[in-house]
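Shown below: my_file.tsv, with TSV, C-alpha atoms.
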chain	number	residue	atom	x	y	z
A	1	MET	CA	96.87	154.50	94.96
A	2	ALA	CA	99.04	151.57	94.09
A	3	PRO	CA	97.98	149.76	90.93
A	4	TYR	CA	95.73	146.74	91.43
A	5	GLU	CA	97.61	143.52	91.96
A	6	GLY	CA	96.37	139.95	92.12
A	7	MET	CA	97.06	136.45	90.96
A	8	ILE	CA	95.39	133.08	90.59
A	9	ALA	CA	97.32	129.99	91.63
A	10	GLU	CA	95.72	126.60	91.16
A	11	MET	CA	96.17	123.02	90.06
A	12	VAL	CA	95.55	122.09	86.44
A	13	THR	CA	95.85	118.82	84.54
A	14	LEU	CA	98.13	118.40	81.55
A	15	VAL	CA	98.41	115.54	79.11
A	16	GLY	CA	102.07	114.65	79.29
A	17	HIS	CA	104.41	112.05	77.88
A	18	ASN	CA	102.70	108.89	76.69
A	19	ASN	CA	99.34	110.69	76.98
A	20	ASP	CA	99.49	110.34	80.76
A	21	GLU	CA	97.59	112.91	82.77
A	22	ILE	CA	99.87	114.85	85.10
A	23	SER	CA	99.24	117.59	87.62
A	24	ALA	CA	100.67	121.07	87.34
A	25	TYR	CA	100.61	124.14	89.54
A	26	TYR	CA	99.70	127.19	87.47
A	27	ALA	CA	100.06	130.74	88.79
A	28	ARG	CA	99.42	133.84	86.73
A	29	PRO	CA	98.74	137.51	87.32
A	30	MET	CA	95.20	138.83	87.11
A	31	GLY	CA	94.62	141.10	84.14
A	32	ALA	CA	94.50	141.05	80.39
A	33	GLY	CA	98.21	140.61	79.78
A	34	PRO	CA	99.81	139.78	77.50
A	35	PHE	CA	102.08	137.75	79.78
A	36	PRO	CA	105.24	135.82	78.96
A	37	GLY	CA	105.28	132.22	80.18
A	38	ILE	CA	107.69	130.34	82.42
A	39	VAL	CA	107.84	126.58	82.91
A	40	LEU	CA	109.52	125.55	86.16
A	41	ILE	CA	111.08	122.09	86.29
A	42	HIS	CA	111.17	120.95	89.91
A	43	HIS	CA	114.25	119.65	91.66
A	44	MET	CA	115.03	116.12	92.74
A	45	PRO	CA	113.53	116.55	96.24
A	46	GLY	CA	110.21	116.74	94.49
A	47	TRP	CA	107.28	118.82	93.37
A	48	ASP	CA	107.20	120.61	96.67
A	49	GLU	CA	106.25	123.76	98.51
A	50	LEU	CA	109.41	125.51	97.37
A	51	TYR	CA	108.40	125.06	93.75
A	52	ARG	CA	104.92	126.35	94.50
A	53	GLU	CA	106.58	129.44	95.95
A	54	PHE	CA	108.92	129.85	92.97
A	55	THR	CA	105.93	129.56	90.64
A	56	ARG	CA	104.02	132.26	92.50
A	57	LYS	CA	107.14	134.41	92.57
A	58	PHE	CA	107.18	134.42	88.78
A	59	ALA	CA	103.49	135.30	88.70
A	60	HIS	CA	104.19	138.16	91.10
A	61	HIS	CA	106.78	139.40	88.62
A	62	GLY	CA	104.28	139.36	85.74
A	63	TYR	CA	104.72	135.89	84.24
A	64	ALA	CA	102.23	133.12	83.66
A	65	ALA	CA	104.11	130.32	85.38
A	66	ILE	CA	103.57	126.59	85.55
A	67	SER	CA	105.33	123.83	87.46
A	68	HIS	CA	104.42	120.30	86.40
A	69	ASN	CA	104.78	117.16	88.47
A	70	LEU	CA	107.43	114.93	86.93
A	71	TYR	CA	106.82	112.38	89.69
A	72	GLU	CA	103.09	111.95	88.96
A	73	ARG	CA	103.61	108.35	87.87
A	74	ASP	CA	105.60	107.51	91.01
A	75	GLY	CA	102.59	107.89	93.28
A	76	GLN	CA	100.83	110.39	95.48
A	77	GLY	CA	101.74	111.54	98.96
A	78	SER	CA	104.09	113.97	100.63
A	79	PRO	CA	106.73	115.34	98.22
A	80	GLU	CA	109.57	113.66	100.10
A	81	ASP	CA	107.84	110.26	100.12
A	82	VAL	CA	107.10	110.46	96.41
A	83	ALA	CA	110.66	111.67	95.70
A	84	ALA	CA	112.01	108.66	97.60
A	85	ILE	CA	109.98	106.36	95.37
A	86	ALA	CA	111.04	108.25	92.24
A	87	ARG	CA	114.64	107.85	93.29
A	88	SER	CA	114.14	104.18	94.00
A	89	ASN	CA	112.64	103.82	90.53
A	90	GLY	CA	115.81	105.27	88.98
A	91	GLY	CA	114.52	108.80	88.52
A	92	VAL	CA	112.69	110.42	85.64
A	93	GLY	CA	113.75	109.42	82.15
A	94	ASP	CA	114.81	112.11	79.70
A	95	THR	CA	112.13	111.14	77.18
A	96	GLN	CA	109.44	111.59	79.81
A	97	VAL	CA	110.89	114.96	80.86
A	98	LEU	CA	110.71	116.16	77.26
A	99	GLY	CA	107.14	114.93	76.75
A	100	ASP	CA	105.84	116.35	80.01
A	101	THR	CA	107.61	119.69	79.59
A	102	ASP	CA	106.51	120.09	75.98
A	103	SER	CA	102.96	119.80	77.24
A	104	ALA	CA	103.55	122.56	79.82
A	105	ILE	CA	105.08	124.84	77.18
A	106	GLN	CA	102.13	124.24	74.85
A	107	PHE	CA	99.71	124.94	77.67
A	108	LEU	CA	101.23	128.35	78.36
A	109	ARG	CA	101.47	129.34	74.73
A	110	SER	CA	97.85	128.37	74.08
A	111	GLN	CA	96.50	130.77	76.71
A	112	PRO	CA	94.66	133.74	75.18
A	113	ASN	CA	96.73	136.25	77.16
A	114	SER	CA	100.12	134.73	76.29
A	115	ASN	CA	102.61	137.02	74.57
A	116	GLY	CA	103.85	133.95	72.70
A	117	LYS	CA	107.15	133.73	74.56
A	118	VAL	CA	107.97	130.87	76.93
A	119	GLY	CA	111.06	130.30	79.04
A	120	VAL	CA	112.12	127.31	81.09
A	121	ILE	CA	113.93	127.24	84.43
A	122	GLY	CA	114.96	124.49	86.81
A	123	THR	CA	117.25	123.82	89.73
A	124	CYS	CA	119.29	120.76	90.65
A	125	SER	CA	118.11	117.81	88.48
A	126	GLY	CA	115.64	120.33	87.02
A	127	GLY	CA	118.61	122.43	85.87
A	128	ARG	CA	119.95	119.52	83.87
A	129	GLN	CA	116.48	118.82	82.51
A	130	THR	CA	116.05	122.50	81.59
A	131	TYR	CA	119.16	122.29	79.46
A	132	LEU	CA	117.87	119.09	77.89
A	133	VAL	CA	114.57	120.81	77.04
A	134	ALA	CA	116.36	123.89	75.69
A	135	CYS	CA	118.24	121.64	73.27
A	136	LYS	CA	115.72	118.93	72.42
A	137	SER	CA	112.19	120.21	72.92
A	138	ALA	CA	109.79	119.84	70.02
A	139	GLN	CA	108.32	123.15	71.20
A	140	LYS	CA	109.91	126.55	70.79
A	141	VAL	CA	111.81	127.61	73.91
A	142	ASP	CA	112.67	131.31	74.00
A	143	ALA	CA	115.08	131.33	76.96
A	144	ALA	CA	116.36	128.81	79.50
A	145	ALA	CA	117.93	129.08	82.95
A	146	ASP	CA	119.92	126.14	84.35
A	147	LEU	CA	120.51	126.65	88.07
A	148	TRP	CA	123.21	124.30	89.38
A	149	GLY	CA	122.09	121.41	87.22
A	150	GLY	CA	124.45	118.49	87.77
A	151	ARG	CA	125.20	115.85	85.16
A	152	VAL	CA	124.95	118.02	82.08
A	153	VAL	CA	128.43	116.57	81.64
A	154	MET	CA	128.31	112.82	82.27
A	155	GLU	CA	130.85	110.03	82.35
A	156	GLU	CA	130.18	106.97	80.23
A	157	ASN	CA	129.37	104.90	83.36
A	158	GLU	CA	126.74	107.45	84.45
A	159	LEU	CA	124.63	106.96	81.33
A	160	SER	CA	121.59	104.73	81.69
A	161	GLU	CA	118.52	103.59	79.83
A	162	LYS	CA	116.60	106.55	81.26
A	163	MET	CA	119.44	109.02	80.65
A	164	PRO	CA	121.19	107.62	77.60
A	165	VAL	CA	122.95	110.80	76.41
A	166	ALA	CA	124.81	113.49	78.33
A	167	PRO	CA	122.95	116.77	77.68
A	168	ILE	CA	126.23	118.50	76.77
A	169	ASP	CA	126.27	116.32	73.65
A	170	TYR	CA	123.12	118.10	72.45
A	171	THR	CA	124.70	121.57	72.67
A	172	ASP	CA	124.77	122.05	68.90
A	173	GLN	CA	120.94	121.87	69.06
A	174	LEU	CA	120.58	124.62	71.69
A	175	LYS	CA	118.20	127.09	70.13
A	176	CYS	CA	117.74	129.82	72.76
A	177	PRO	CA	119.72	132.07	75.11
A	178	LEU	CA	120.94	130.25	78.23
A	179	LEU	CA	121.54	131.54	81.76
A	180	GLY	CA	123.57	129.40	84.15
A	181	LEU	CA	124.04	130.04	87.87
A	182	PHE	CA	126.49	127.90	89.80
A	183	GLY	CA	128.37	127.77	93.10
A	184	GLU	CA	132.11	127.32	93.36
A	185	ASP	CA	131.74	124.83	96.20
A	186	ASP	CA	129.21	122.61	94.43
A	187	ALA	CA	130.10	118.95	93.97
A	188	SER	CA	127.47	118.45	91.24
A	189	PRO	CA	128.15	120.21	89.01
A	190	PRO	CA	131.72	120.88	90.09
A	191	PRO	CA	133.31	124.01	88.57
A	192	SER	CA	135.44	121.77	86.35
A	193	GLN	CA	132.30	120.41	84.64
A	194	VAL	CA	130.76	123.87	84.36
A	195	LYS	CA	133.93	124.93	82.55
A	196	ILE	CA	133.67	121.97	80.15
A	197	HIS	CA	130.06	122.99	79.46
A	198	GLU	CA	131.01	126.64	78.99
A	199	ASP	CA	133.86	125.73	76.64
A	200	GLU	CA	131.42	123.76	74.49
A	201	LEU	CA	128.92	126.64	74.38
A	202	LYS	CA	131.73	128.99	73.41
A	203	ARG	CA	133.06	126.63	70.76
A	204	LEU	CA	129.64	126.40	69.13
A	205	GLY	CA	129.00	130.15	69.34
A	206	LYS	CA	125.93	129.84	71.58
A	207	ASP	CA	124.23	132.76	73.34
A	208	TYR	CA	124.84	132.16	77.04
A	209	GLU	CA	125.79	133.82	80.31
A	210	PHE	CA	127.24	131.80	83.18
A	211	HIS	CA	127.83	133.10	86.70
A	212	MET	CA	129.97	131.17	89.15
A	213	TYR	CA	129.42	132.37	92.72
A	214	PRO	CA	132.25	132.18	95.26
A	215	GLY	CA	131.19	131.15	98.74
A	216	ALA	CA	128.21	129.15	97.49
A	217	GLY	CA	127.63	125.51	96.76
A	218	HIS	CA	124.57	123.65	95.54
A	219	GLY	CA	121.07	125.03	96.03
A	220	PHE	CA	122.02	128.46	97.34
A	221	PHE	CA	118.48	129.84	96.71
A	222	TYR	CA	116.95	127.39	99.23
A	223	TYR	CA	116.29	129.75	102.11
A	224	ASP	CA	115.26	126.99	104.54
A	225	ARG	CA	118.44	124.97	104.13
A	226	PRO	CA	122.00	125.41	105.41
A	227	MET	CA	123.09	125.76	101.78
A	228	TYR	CA	121.30	129.14	101.53
A	229	ARG	CA	123.59	132.07	100.70
A	230	ILE	CA	121.70	135.31	100.96
A	231	GLU	CA	124.05	137.56	99.01
A	232	GLN	CA	124.44	135.14	96.12
A	233	ALA	CA	120.73	134.29	96.11
A	234	VAL	CA	119.63	137.92	95.97
A	235	ASP	CA	122.02	138.57	93.11
A	236	GLY	CA	120.98	135.33	91.41
A	237	TRP	CA	117.27	136.18	91.46
A	238	LYS	CA	118.06	139.60	89.95
A	239	ARG	CA	119.93	137.91	87.14
A	240	VAL	CA	117.10	135.43	86.57
A	241	PHE	CA	114.48	138.15	86.19
A	242	SER	CA	116.71	140.44	84.17
A	243	PHE	CA	117.45	137.53	81.80
A	244	PHE	CA	113.83	136.49	81.30
A	245	ASP	CA	112.49	140.07	81.17
A	246	LYS	CA	114.84	140.71	78.28
A	247	HIS	CA	114.42	137.50	76.31
A	248	LEU	CA	110.69	136.99	76.86
A	249	ASP	CA	109.73	140.55	75.94
A	250	LYS	CA	108.19	141.37	79.30
A	251	ASN	CA	106.70	144.87	79.32
B	252	MET	CA	124.43	114.98	94.35
B	253	CYS	CA	120.83	115.01	93.31
B	254	SER	CA	121.64	112.41	90.71
B	255	TYR	CA	119.13	109.64	91.36
B	256	VAL	CA	122.11	107.40	92.11
B	257	VAL	CA	121.38	105.06	94.99
B	258	GLN	CA	123.11	102.16	96.67
B	259	GLN	CA	120.56	99.46	97.33
B	260	ALA	CA	120.40	96.56	99.75
B	261	ARG	CA	117.85	93.77	99.90
B	262	LEU	CA	116.42	93.42	103.38
B	263	LYS	CA	114.63	90.80	105.36
B	264	GLY	CA	113.00	92.03	108.52
B	265	SER	CA	110.50	94.53	109.74
B	266	GLY	CA	110.31	98.16	110.73
B	267	LYS	CA	107.92	100.35	112.64
B	268	GLY	CA	106.43	103.44	111.09
B	269	PRO	CA	103.62	105.80	112.13
B	270	ALA	CA	101.02	103.16	111.25
B	271	GLY	CA	102.76	100.31	113.05
B	272	TRP	CA	105.01	97.44	112.01
B	273	PHE	CA	105.51	96.47	108.40
B	274	PRO	CA	107.86	94.20	106.43
B	275	LEU	CA	111.11	95.71	105.12
B	276	THR	CA	112.32	94.53	101.74
B	277	GLN	CA	114.81	97.13	100.58
B	278	ALA	CA	117.11	99.92	101.75
B	279	ASN	CA	118.21	102.80	99.53
B	280	VAL	CA	121.35	104.55	100.67
B	281	THR	CA	122.54	107.92	99.37
B	282	PHE	CA	124.95	110.65	100.37
B	283	ASP	CA	123.11	113.76	99.27
B	284	HIS	CA	121.17	116.75	100.46
B	285	PRO	CA	118.84	115.99	103.37
B	286	THR	CA	115.16	116.86	103.47
B	287	VAL	CA	115.01	118.08	107.05
B	288	ALA	CA	118.35	117.62	108.89
B	289	PHE	CA	120.24	120.89	109.13
B	290	LEU	CA	123.24	119.60	107.23
B	291	GLU	CA	124.56	120.51	103.78
B	292	GLU	CA	124.96	116.81	103.01
B	293	SER	CA	123.87	113.73	104.84
B	294	LEU	CA	123.95	109.97	104.67
B	295	ASN	CA	120.34	109.06	103.92
B	296	ILE	CA	118.76	105.66	104.29
B	297	ASP	CA	115.24	104.85	103.15
B	298	PHE	CA	113.92	101.56	104.50
B	299	PHE	CA	111.08	100.39	102.26
B	300	ASN	CA	108.47	97.79	101.89
B	301	ASN	CA	108.56	97.36	98.12
B	302	GLU	CA	105.21	95.66	98.15
B	303	SER	CA	103.55	98.72	99.60
B	304	ASP	CA	103.25	102.36	98.59
B	305	ALA	CA	105.44	105.32	99.47
B	306	SER	CA	103.87	105.78	102.86
B	307	GLU	CA	105.48	102.57	104.18
B	308	ARG	CA	108.93	104.01	104.54
B	309	ILE	CA	111.28	104.75	107.37
B	310	THR	CA	113.89	107.33	106.56
B	311	VAL	CA	116.95	108.63	108.37
B	312	GLU	CA	119.30	111.49	107.54
B	313	ILE	CA	122.54	111.58	109.54
B	314	SER	CA	125.92	113.27	109.26
B	315	ALA	CA	128.83	111.47	107.60
B	316	ASP	CA	130.58	111.09	110.97
B	317	ALA	CA	127.45	109.66	112.54
B	318	ALA	CA	127.08	107.25	109.64
B	319	ARG	CA	130.64	105.98	110.11
B	320	GLN	CA	130.02	105.48	113.81
B	321	LEU	CA	126.84	103.62	112.98
B	322	VAL	CA	128.69	101.33	110.58
B	323	ILE	CA	131.23	100.52	113.31
B	324	ALA	CA	128.46	99.91	115.84
B	325	ILE	CA	126.67	97.54	113.45
B	326	GLU	CA	129.89	95.66	112.68
B	327	ASN	CA	130.66	95.38	116.38
B	328	ALA	CA	127.19	94.11	117.15
B	329	LEU	CA	127.47	91.47	114.44
B	330	GLU	CA	130.90	90.37	115.62
B	331	ASN	CA	129.89	90.30	119.29
B	332	PRO	CA	126.39	88.85	119.46
B	333	HIS	CA	124.37	88.62	122.68

Is it possible to express this structure as C-alpha cells?
Amino acid sequence: MAPYEGMIAEMVTLVGHNNDEISAYYARPMGAGPFPGIVLIHHMPGWDELYREFTRKFAHHGYAAISHNLYERDGQGSPEDVAAIARSNGGVGDTQVLGDTDSAIQFLRSQPNSNGKVGVIGTCSGGRQTYLVACKSAQKVDAAADLWGGRVVMEENELSEKMPVAPIDYTDQLKCPLLGLFGEDDASPPPSQVKIHEDELKRLGKDYEFHMYPGAGHGFFYYDRPMYRIEQAVDGWKRVFSFFDKHLDKN
Amino acid sequence: MCSYVVQQARLKGSGKGPAGWFPLTQANVTFDHPTVAFLEESLNIDFFNNESDASERITVEISADAARQLVIAIENALENPH
C-alpha cells in the first residue's frame, strides 16, 4: 500500500502591514509534521489560480505553504480586474510587501507542526519582492528563491515613493541562501542586470546559485502561456525543490 | 515588463461593458504580458471609470503590429472626419 497522502487547502486571514486584514491561501500536508514553511509571493498578474496551484504543489511536496494577497487593499473581484486596479494605483509599495510578508512568515512559524524553517519564493514582481524580503524582513528567512524578478537592479528614474530603493542596494543585508532562475531572452530582468546582481552577490560573499536558461524568457513556468518552456520549467522546478529541501531541513 | 509602469490618458466618453454603458475617465496603456491573448507580449489598454470599482473596465490585449495599425487608423479617422 502506498503511504497515506492528503492535504488541506483553505483561505485564512492574516494581519498584515498597517494592521490591515488580508487574505491568504494556506495549503499544508495532513499529518503531524514537522513541516518546513514556504511563503509564495504572487506575481503582478495577481493572486490567481496559478498561485493557488503553486501553493498546493509545495504542500504536495511536504511543505506548509501560504500565498498572501498583496492586492487585498485594491479591491475584490477577478484576479485580472484587481491586478488592473493595483497597476493603476502604482503597484504595491515595498513597505507594504515587507509588512504583509512578515505576517505570513510569522503565521507559518507559529504553527505547532512547523519545523521552524521558512523559505520565500516569488515570480515576476514577486521575485523582486522575494529578494527584498530576503534582505529586509524583520523575520528570519531561511532560504529565498527569486524567479525572474525584474527591477532588482533599478535606474534612478525607476525609483518611486512606493519603491524608493533598488533591492540590489540591500544586498549586504541578505541573510539567507538565494536561488535565482532566469531566462536568457527575458527583457525584465535582462541578462545584463542579472549579471550586475550576481557580481554584487559575489563581491559581498553571499551564498547564492543563479541559473540562466537558454531558450527561455520571462515566466517560463507558466504552462498556460506561450512563454512556457517545458524543458527549462521541469529543470527549474527540480532546482527549486532541491534548494528548499536542503536549506529548510525537509526530511 | 511586469513593472507596474503604465502610460495613462485622461478620457472623456463612455464605453460598454457586460453590464451596459458606463462613463470612461481613464485609459492605462502597457506593453507587457497579456492575461489571455496567446502572445508573449501585447499592447494592453484598460479603459476605466475611475469613479467605479474594478468591474467597470474594458480591456484589450493586441499584438504590437495590431496596435500600430490601430494608431494609424485612429489618426486617419481624426484627420478625415465624417

Quick one: contact table of chain A to chain B, 8 Å max, nearest atom pair and distance in Å to one decimal per residue, counting only C-alpha atoms, chain and number order, as JSON lines?
{"residue": "A:Met44", "atom": "CA", "partner": "B:Cys253", "partner_atom": "CA", "distance": 5.9}
{"residue": "A:Pro45", "atom": "CA", "partner": "B:Thr286", "partner_atom": "CA", "distance": 7.4}
{"residue": "A:Gly75", "atom": "CA", "partner": "B:Ala305", "partner_atom": "CA", "distance": 7.3}
{"residue": "A:Gln76", "atom": "CA", "partner": "B:Ala305", "partner_atom": "CA", "distance": 7.9}
{"residue": "A:Gly77", "atom": "CA", "partner": "B:Ala305", "partner_atom": "CA", "distance": 7.3}
{"residue": "A:Glu80", "atom": "CA", "partner": "B:Thr286", "partner_atom": "CA", "distance": 7.3}
{"residue": "A:Asp81", "atom": "CA", "partner": "B:Ala305", "partner_atom": "CA", "distance": 5.5}
{"residue": "A:Val82", "atom": "CA", "partner": "B:Ala305", "partner_atom": "CA", "distance": 6.2}
{"residue": "A:Ala84", "atom": "CA", "partner": "B:Asp297", "partner_atom": "CA", "distance": 7.5}
{"residue": "A:Ile85", "atom": "CA", "partner": "B:Ala305", "partner_atom": "CA", "distance": 6.2}
{"residue": "A:Arg87", "atom": "CA", "partner": "B:Tyr255", "partner_atom": "CA", "distance": 5.2}
{"residue": "A:Ser88", "atom": "CA", "partner": "B:Asn279", "partner_atom": "CA", "distance": 7.0}
{"residue": "A:Gly90", "atom": "CA", "partner": "B:Tyr255", "partner_atom": "CA", "distance": 6.0}
{"residue": "A:Gly91", "atom": "CA", "partner": "B:Tyr255", "partner_atom": "CA", "distance": 5.5}
{"residue": "A:Cys124", "atom": "CA", "partner": "B:Cys253", "partner_atom": "CA", "distance": 6.5}
{"residue": "A:Ser125", "atom": "CA", "partner": "B:Cys253", "partner_atom": "CA", "distance": 6.2}
{"residue": "A:Gly150", "atom": "CA", "partner": "B:Ser254", "partner_atom": "CA", "distance": 7.3}
{"residue": "A:Arg151", "atom": "CA", "partner": "B:Ser254", "partner_atom": "CA", "distance": 7.4}
{"residue": "A:Ala187", "atom": "CA", "partner": "B:Met252", "partner_atom": "CA", "distance": 6.9}
{"residue": "A:Ser188", "atom": "CA", "partner": "B:Met252", "partner_atom": "CA", "distance": 5.6}
{"residue": "A:Arg225", "atom": "CA", "partner": "B:Phe289", "partner_atom": "CA", "distance": 6.7}
{"residue": "A:Pro226", "atom": "CA", "partner": "B:Glu291", "partner_atom": "CA", "distance": 5.8}
{"residue": "A:Met227", "atom": "CA", "partner": "B:Glu291", "partner_atom": "CA", "distance": 5.8}

Centre and edge lengths of an axis-aligned box around all listed atoms of segment 262-265 of chain B, with 4 Å added on each side, are to be given in Å to one decimal, as JSON.
{"center_x": 113.5, "center_y": 92.7, "center_z": 106.6, "size_x": 13.9, "size_y": 11.7, "size_z": 14.4}

How close does each residue of segment 104-180 of chain A get to segment 199-209 of chain A, giving the shortest atom pair and distance in Å to one decimal for every residue with an atom at most 12 Å away, counting all atoms listed in the file, sorted by chain and residue number, as a Markdown table?
| residue | atom | partner | partner_atom | distance |
| --- | --- | --- | --- | --- |
| A:Tyr131 | CA | A:Tyr208 | CA | 11.6 |
| A:Ala134 | CA | A:Tyr208 | CA | 11.9 |
| A:Cys135 | CA | A:Lys206 | CA | 11.4 |
| A:Asp142 | CA | A:Asp207 | CA | 11.7 |
| A:Ala143 | CA | A:Tyr208 | CA | 9.8 |
| A:Ala144 | CA | A:Tyr208 | CA | 9.4 |
| A:Ala145 | CA | A:Glu209 | CA | 9.6 |
| A:Asp146 | CA | A:Glu209 | CA | 10.5 |
| A:Leu147 | CA | A:Glu209 | CA | 11.8 |
| A:Val152 | CA | A:Glu200 | CA | 11.5 |
| A:Val153 | CA | A:Glu200 | CA | 10.6 |
| A:Pro167 | CA | A:Glu200 | CA | 11.4 |
| A:Ile168 | CA | A:Glu200 | CA | 7.7 |
| A:Asp169 | CA | A:Glu200 | CA | 9.1 |
| A:Tyr170 | CA | A:Glu200 | CA | 10.3 |
| A:Thr171 | CA | A:Leu201 | CA | 6.8 |
| A:Asp172 | CA | A:Leu204 | CA | 6.5 |
| A:Gln173 | CA | A:Lys206 | CA | 9.7 |
| A:Leu174 | CA | A:Lys206 | CA | 7.5 |
| A:Lys175 | CA | A:Lys206 | CA | 8.3 |
| A:Cys176 | CA | A:Asp207 | CA | 7.1 |
| A:Pro177 | CA | A:Asp207 | CA | 4.9 |
| A:Leu178 | CA | A:Tyr208 | CA | 4.5 |
| A:Leu179 | CA | A:Glu209 | CA | 5.0 |
| A:Gly180 | CA | A:Glu209 | CA | 6.3 |

Could you give me, as a tab-separated table (two decimals) with C-alpha atoms, in the coordinates of the input, the residues that have an atom at most 6 Å away from the point (124.3, 112.4, 106.5) in the coordinates of the file, using only C-alpha atoms?
chain	number	residue	atom	x	y	z
B	292	GLU	CA	124.96	116.81	103.01
B	293	SER	CA	123.87	113.73	104.84
B	294	LEU	CA	123.95	109.97	104.67
B	295	ASN	CA	120.34	109.06	103.92
B	312	GLU	CA	119.30	111.49	107.54
B	313	ILE	CA	122.54	111.58	109.54
B	314	SER	CA	125.92	113.27	109.26
B	315	ALA	CA	128.83	111.47	107.60

**Message:** Restricting the calculation to all atoms listed in the file: of A:Gly16, A:Pro29, A:Gly116, A:Pro190, which residue gets closest to Val141 of chain A?
**Reply:**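 The answer is A:Gly116, which sits nearest to Val141 of chain A.
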
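Candidate residues A:Gly215, A:Leu70, A:Arg128, A:Ala138 were compared for distance to Pro189 of chain A, and the nearest is A:Arg128, using only C-alpha atoms.
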
**Fill in**
Pairwise distance, atom CA of Gly37 of chain A with atom CA of Ala64 of chain A, equals 4.7 Å

**Prompt:** With all atoms listed in the file as the atoms that count, which of A:Phe107, A:Phe35, A:Tyr51, A:Tyr63 lies nearest to Val15 of chain A?
**Reply:**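 Closest residue, counting all atoms listed in the file: A:Phe107.
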
**Request:** Could you please determine the separation between atom CA of Leu132 of chain A and atom CA of Gly119 of chain A in Å, to one decimal place?
**Result:**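 Straight-line distance from atom CA of Leu132 of chain A to atom CA of Gly119 of chain A works out to 13.2 Å.
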
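Between atom CA of Asp94 of chain A and atom CA of Pro164 of chain A there is a distance of 8.1 Å.
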
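The residue that comes closest to Phe221 of chain A, out of A:Glu198, A:Glu53, A:Glu158, A:Asp100 and on the basis of only C-alpha atoms, is A:Glu53.
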